[in-house]
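Okay, so here's the structure we're looking at.
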Amino acid sequence: MTQRTFVLIKPDAVKRGLVGEILGRYEAKGLGIEKLELRQVTGELADQHYAEHVERDFYPPLREFVTSGPSIAMVLSGDQAIEVVRLLNGATDGRAAAPGTIRGDLALSNRENLVHGSDSEESAAREIALWFGAEQS
Ligand code: RTP
Ligand code: MG
């Protein structure tokens, strides 16, 4: 089943010059790029994007991190794209993520972990609408 998913290449990846490496992995897998934009995330957008986490202890430093510089916001598409992106991204904590995954190969932190991918069809629809507007999604 063809799906669309929201992917964010986070500020650590942009600062480290890893955008091409990460985008290349999604492209090489066969996913399509439907939308792609460099975005400076505001605190308000971070609060909406991470609504499920705003009350958590780890949220204030996460908010600081995700607003610390430009990110790349994208909509990727393909067969089972939501799960495929999560598999390519790897486990949340880069120290525990499997080698071969983006986080497993390139991240050493559970916060500065390079990428975000929607975790369900409902999240994908919500996040695509939030980041790119309901009328364009
Ligand atoms: P994401 O939403 O970014 O794709 O990552 P995820 O599903 O693998 O992880 P999630 O549990 O949704 O957490 C969202 C982001 O919050 C940061 N985080 N920090 N204990 C901590 O300090 C902590 N735990 C999570 C990470 O940036 C994570 O990707
Ligand atoms: Mg998540």
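Residue numbering restarts at 1 in every chain; chains get A, B, ... in the order shown in the structure tokens, and ligands count up from 1 in that same order.
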
* To do: Could you give me the residues within 10 Å of ligand 1, counting only C-alpha atoms and all ligand atoms, as number ranges by chain?
  => A: 6-10, 49-50, 52-54, 56-63, 65-66, 85-86, 89-94, 97, 103, 109-119, 123

* Pick out each residue of region 6-127 of chain A that DSSP on the backbone tags as helix (DSSP H, G or I); I need them as a ChimeraX atom specification. => /A:11-15,19-29,43-49,51-53,59-66,81-89,102-106,121-127

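With only C-alpha atoms and all ligand atoms as the basis for measurement, A:Ala124 is the residue among A:Ala13, A:Leu36, A:Ala28, A:Ala124 that approaches ligand 2 most closely.
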
* To do: Could you check how far CA of Met74 (chain A) sits from CA of Leu130 (chain A), in Å to one decimal?
  => 12.0 Å

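Comparing A:Ala46, A:Ala81, A:Val14, A:Ala73 by their smallest distance to Glu27 (chain A), the closest is A:Ala81 (using only C-alpha atoms).
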
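Note that CA of Leu88 (chain A) and CA of Ala107 (chain A) are 13.0 Å apart.
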
* To do: Please report, as a PyMOL selection string, each residue of chain A to which DSSP assigns strand (DSSP E) when run on this structure's backbone.
  => chain A and resi 2-9+32-39+71-79+115-117

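Taking CA of Lys15 (chain A) and CA of Gly69 (chain A) as endpoints, the distance between them is 7.9 Å.
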
* To do: Rank A:Leu45, A:Glu64, A:Leu87, A:Ser120 by their smallest atom-to-atom distance to ligand 2, using only C-alpha atoms and all ligand atoms, and report the top residue only.
  => A:Ser120

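For the choices A:Met1, A:Ala51, A:Ile102, A:Ile82, the atom-to-atom distance to Gly24 (chain A) is smallest for A:Ile102 when using only C-alpha atoms.
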